[in-house]
Amino acid sequence: MSGNMNLTLKVWRQKNSNAKGELVDFKVNDISPDMSFLEMFDVLNERLVSENTDPIAFDHDCREGICGMCSMFIDGRPHGPKDGITTCQLHMRSFKDGDTITVEPWRAQAFPVIKDLVVDRTAFDRIIAAGGYISVNTGNAQDANCLPISKDNADESFAAAACIGCGACVATCKNASAMLFVSAKVSQLALLPQGEPEKQSRVLNMVAQMDAEGFGSCTNTGACEAECPKGISLSNIARMNREYLGAQFCSEK
Amino acid sequence: MNWVTKTFTSSIGQKFIMAITGLFLISFLLVHCFLNALIFFNDGGKIFDKGAEFMATNPIIRVVEIVLFAGLLLHIIRAYLLMNKNNKSRPVKYAVQNGKANSKWYSRSMGLLGTLLLMFLIVHLKHFWVVSRFTDEISSGKETLFNEMKEVFENPMVIVVYTLAMFSLAYHLMHGFQSAFQTLGFNHKKYTPLIKSLGLMFSIIIPLIFALMPLAMHFNFIK
Ligand code: SF4
Ligand code: FES
């Protein structure tokens with residue numbers, strides 16, 4: 001079809017977490033601009049299977065930008081060249097015929113490569129398990145006036161809750177810091193009355209777990225906010241710093 | 001681990017130290033700049049040397065000087081430890097990383113800018129601090145700090161080094177000033193824009209005034 005593209009991909013291939021990986025060149029031809037980036041990988045993988053080669057392993061699930069599974073570092077940016085979207089929402093029309101595209105996995109000490117482009121993000125799960133929850137059952141929906149929440153707080157909490165845990169913030173940060181993710185998870189609860197009672201222990205435990213996982217520390221470059229597909233704001237990081245320092249200095253423990 | 005150690009060894013606690021010492025050094029820059037700007041009275045250094053003498057003899061200033069060096073050392077050592085840790089947080093680097101798509105180069109180069117400043121600082125301390133503190137040239141009245149400045153700034157190489165260092169300082173401050181507030185948890189819809197513009201102004205004006213001093217002396221605008 002006219003308008004279709006021929007591209008060169010440089011893809012990170014790595015057998016397993018212990019093997020040494022390398023960038024391998026692949027040519028893909030006749031790619032429709034309407035395909036998503038992942039569909040382009042499906043096309044390539046089908047060919048690789050038909051050629052009896054190991055297909056390229058990559059993470060994906062919903063393919064509609066809500067699960068946070070897809071995770072490709074494309075031409076030096078997480079989720080590719082467009083702002084505010086995940087890799088599954090990136091379309092080939094964002095590229096030009098003849099382009100060479102480099103695709104790497106998220107790189108961080110705390111996100112070891114499992115295979116090819118798949119990394120282990122269970123470090124995030126352990127951070128959540130360290131305190132990103134409310135310990136009591138919050139019950140059924142309350143009577144509207146029973147639990148007053150200011151509209152501003154509700155909005156900010158909702159905005160923080162939009163984080164899908166994809167890890168692009170870590171991937172793009174020059175320090176591989178997880179501050180944006182953790183701060184979103186701290187904020188979404190700290191802003192609501194249900195999260196209030198445990199807010200000190202929550203932030204202390206989650207930050208301790210974040211450090212234990214080997215993420216770097218924040219230098220406020222703002223790269224995470226710029227690359228986050230869900231527009232999580234840096235103000236969450238300030239809130240977490242505030243909550244953390246407040247909890248350390250003022251809590252009785 | 002008691003809570004104090006836990007706080008200051010955590011990533012946020014270490015950043016807290018960077019921010020507090022950074023803001024303290026910013027306040028020092030302000031004082032340093034104002035005092036040195038006394039040379040612009042262009043009175044052969046009379047007022048300036050009075051200021052310098054006050055700074056050299058006042059006991060409170062002497063104590064503050066110790067605090068200043070402590071703060072400086074803490075800022076430098078913490079920075080290198082953090083840089084090392086952050087470097088290790090990504091053992092395998094990207095083949096392609098497009099940093100300029102999402103952040104300012106100077107925000108990603110604080111370590112480099114800081115290292116340049118540290119090198120400058122060593123030269124600068126040797127030029128003035130060592131002379132005024134560890135030789136009796138100035139205290140004995142043989143020499144004034146103002147004349148010392150004139151002498152040092154005769155060398156064109158010194159002018160180049162000082163001017164370049166002030167560029168490093170400007171960019172270091174452009175990121176550091178507002179970053180310190182963010183680290184301390186100070187991010188507010190009303191005040192953050194104010195802090196950012198104040199920081200930008202500070203980062204340009206202070207290094208500019210500093211840079212003008214050696215230049216003005218070298219080209220004999222100040223006699
Ligand atoms: S903060 Fe944004 S980039 Fe980071 S994990 Fe959440 S959604 Fe992904
Ligand atoms: S596959 Fe679910 S967000 Fe991309």
# chains A, B, ... in the order shown; residues from 1 in each chain; ligands from 1
>>> residues_around(residues="stretch 28-40 of chain A", least_positions_apart="2", cutoff="7 Å", atoms="only C-alpha atoms", output="VMD selection string")
chain A and resid 4 to 8 26 42 to 44 87 to 93
>>> write_last_selection(atoms="N, CA and C atoms", output="short mmCIF file (atom, residue, chain, number, x, y, z; two decimals), in the first residue's frame")
data_model
loop_
_atom_site.label_atom_id
_atom_site.label_comp_id
_atom_site.auth_asym_id
_atom_site.auth_seq_id
_atom_site.Cartn_x
_atom_site.Cartn_y
_atom_site.Cartn_z
N ASN A 4 2.91 3.18 3.11
CA ASN A 4 3.51 2.26 4.09
C ASN A 4 5.01 2.50 4.19
N MET A 5 5.58 2.05 5.31
CA MET A 5 6.97 2.42 5.59
C MET A 5 7.88 1.22 5.71
N ASN A 6 9.13 1.46 5.36
CA ASN A 6 10.18 0.49 5.62
C ASN A 6 11.09 1.08 6.70
N LEU A 7 11.34 0.30 7.74
CA LEU A 7 12.09 0.82 8.87
C LEU A 7 13.21 -0.12 9.29
N THR A 8 14.20 0.45 9.93
CA THR A 8 15.24 -0.37 10.55
C THR A 8 15.08 -0.25 12.06
N PHE A 26 17.01 -5.15 12.88
CA PHE A 26 15.96 -5.84 12.14
C PHE A 26 15.40 -4.88 11.10
N ASP A 42 4.40 -7.03 16.62
CA ASP A 42 3.71 -8.30 16.35
C ASP A 42 4.05 -8.79 14.94
N VAL A 43 4.04 -7.87 14.00
CA VAL A 43 4.35 -8.23 12.61
C VAL A 43 5.76 -8.80 12.53
N LEU A 44 6.69 -8.11 13.19
CA LEU A 44 8.08 -8.57 13.19
C LEU A 44 8.18 -9.95 13.84
N THR A 87 3.42 3.27 25.23
CA THR A 87 3.92 2.69 23.97
C THR A 87 2.78 2.09 23.14
N CYS A 88 1.81 1.48 23.80
CA CYS A 88 0.72 0.84 23.04
C CYS A 88 -0.14 1.88 22.32
N GLN A 89 -0.09 3.11 22.79
CA GLN A 89 -0.88 4.18 22.16
C GLN A 89 -0.08 4.98 21.13
N LEU A 90 1.16 4.55 20.93
CA LEU A 90 2.01 5.23 19.96
C LEU A 90 1.77 4.60 18.59
N HIS A 91 1.57 5.45 17.60
CA HIS A 91 1.30 4.90 16.26
C HIS A 91 2.47 5.13 15.32
N MET A 92 2.52 4.31 14.29
CA MET A 92 3.66 4.37 13.39
C MET A 92 3.67 5.66 12.57
N ARG A 93 2.54 6.37 12.57
CA ARG A 93 2.53 7.65 11.85
C ARG A 93 3.43 8.69 12.52
#
>>> closest_atom_pairs(of="chain B", to="chain A", cutoff="7 Å", atoms="only C-alpha atoms", output="JSON lines")
{"residue": "B:Trp3", "atom": "CA", "partner": "A:Gln248", "partner_atom": "CA", "distance": 7.0}
{"residue": "B:Thr7", "atom": "CA", "partner": "A:Gln248", "partner_atom": "CA", "distance": 6.5}
{"residue": "B:Ser10", "atom": "CA", "partner": "A:Asp211", "partner_atom": "CA", "distance": 6.9}
{"residue": "B:Ser11", "atom": "CA", "partner": "A:Ser217", "partner_atom": "CA", "distance": 5.4}
{"residue": "B:Ile12", "atom": "CA", "partner": "A:Asn241", "partner_atom": "CA", "distance": 6.6}
{"residue": "B:Lys85", "atom": "CA", "partner": "A:Gly216", "partner_atom": "CA", "distance": 6.6}
{"residue": "B:Asn86", "atom": "CA", "partner": "A:Gly216", "partner_atom": "CA", "distance": 4.6}
{"residue": "B:Asn87", "atom": "CA", "partner": "A:Asn175", "partner_atom": "CA", "distance": 6.4}
{"residue": "B:Ser89", "atom": "CA", "partner": "A:Gln109", "partner_atom": "CA", "distance": 4.9}
{"residue": "B:Arg90", "atom": "CA", "partner": "A:Ala108", "partner_atom": "CA", "distance": 4.4}
{"residue": "B:Pro91", "atom": "CA", "partner": "A:Gln109", "partner_atom": "CA", "distance": 6.1}
{"residue": "B:Val92", "atom": "CA", "partner": "A:Arg107", "partner_atom": "CA", "distance": 6.6}
{"residue": "B:Lys93", "atom": "CA", "partner": "A:Arg107", "partner_atom": "CA", "distance": 6.9}
{"residue": "B:Val96", "atom": "CA", "partner": "A:Gly76", "partner_atom": "CA", "distance": 4.7}
{"residue": "B:Gln97", "atom": "CA", "partner": "A:Gly76", "partner_atom": "CA", "distance": 3.7}
{"residue": "B:Asn98", "atom": "CA", "partner": "A:Gly76", "partner_atom": "CA", "distance": 4.5}
{"residue": "B:Asn102", "atom": "CA", "partner": "A:Ala223", "partner_atom": "CA", "distance": 4.8}
{"residue": "B:Ser103", "atom": "CA", "partner": "A:Ala223", "partner_atom": "CA", "distance": 5.2}
{"residue": "B:Ser107", "atom": "CA", "partner": "A:Thr221", "partner_atom": "CA", "distance": 5.2}
{"residue": "B:Arg108", "atom": "CA", "partner": "A:Thr221", "partner_atom": "CA", "distance": 6.3}
{"residue": "B:Ser179", "atom": "CA", "partner": "A:Asn220", "partner_atom": "CA", "distance": 6.0}
{"residue": "B:Gln182", "atom": "CA", "partner": "A:Ala238", "partner_atom": "CA", "distance": 5.4}
{"residue": "B:Thr183", "atom": "CA", "partner": "A:Ala238", "partner_atom": "CA", "distance": 6.3}
{"residue": "B:Leu184", "atom": "CA", "partner": "A:Asn241", "partner_atom": "CA", "distance": 6.4}
{"residue": "B:Gly185", "atom": "CA", "partner": "A:Ala238", "partner_atom": "CA", "distance": 4.0}
{"residue": "B:Phe186", "atom": "CA", "partner": "A:Ala238", "partner_atom": "CA", "distance": 6.2}
{"residue": "B:Asn187", "atom": "CA", "partner": "A:Ala238", "partner_atom": "CA", "distance": 5.9}
>>> residues_around(residues="A:Cys163", least_positions_apart="4", cutoff="10 Å", atoms="only C-alpha atoms", output="count of residues only")
17
>>> closest_residue(among="A:Phe124, A:Phe95, A:Tyr133, A:Phe58", to="ligand 1", atoms="only C-alpha atoms and all ligand atoms")
A:Phe124
>>> residues_around(residues="B:Leu29", least_positions_apart="3", cutoff="12 Å", atoms="only C-alpha atoms", output="list in words")
Gly22, Leu23, Phe24, Leu25, Ile26, His32, Cys33, Phe34, Leu35, Asn36, Ala37, Leu68, Leu72, Met166, Leu169, Ala170, Leu173, Phe202, Ser203, Ile205, Ile206, Pro207, Ile209 and Phe210 of chain B
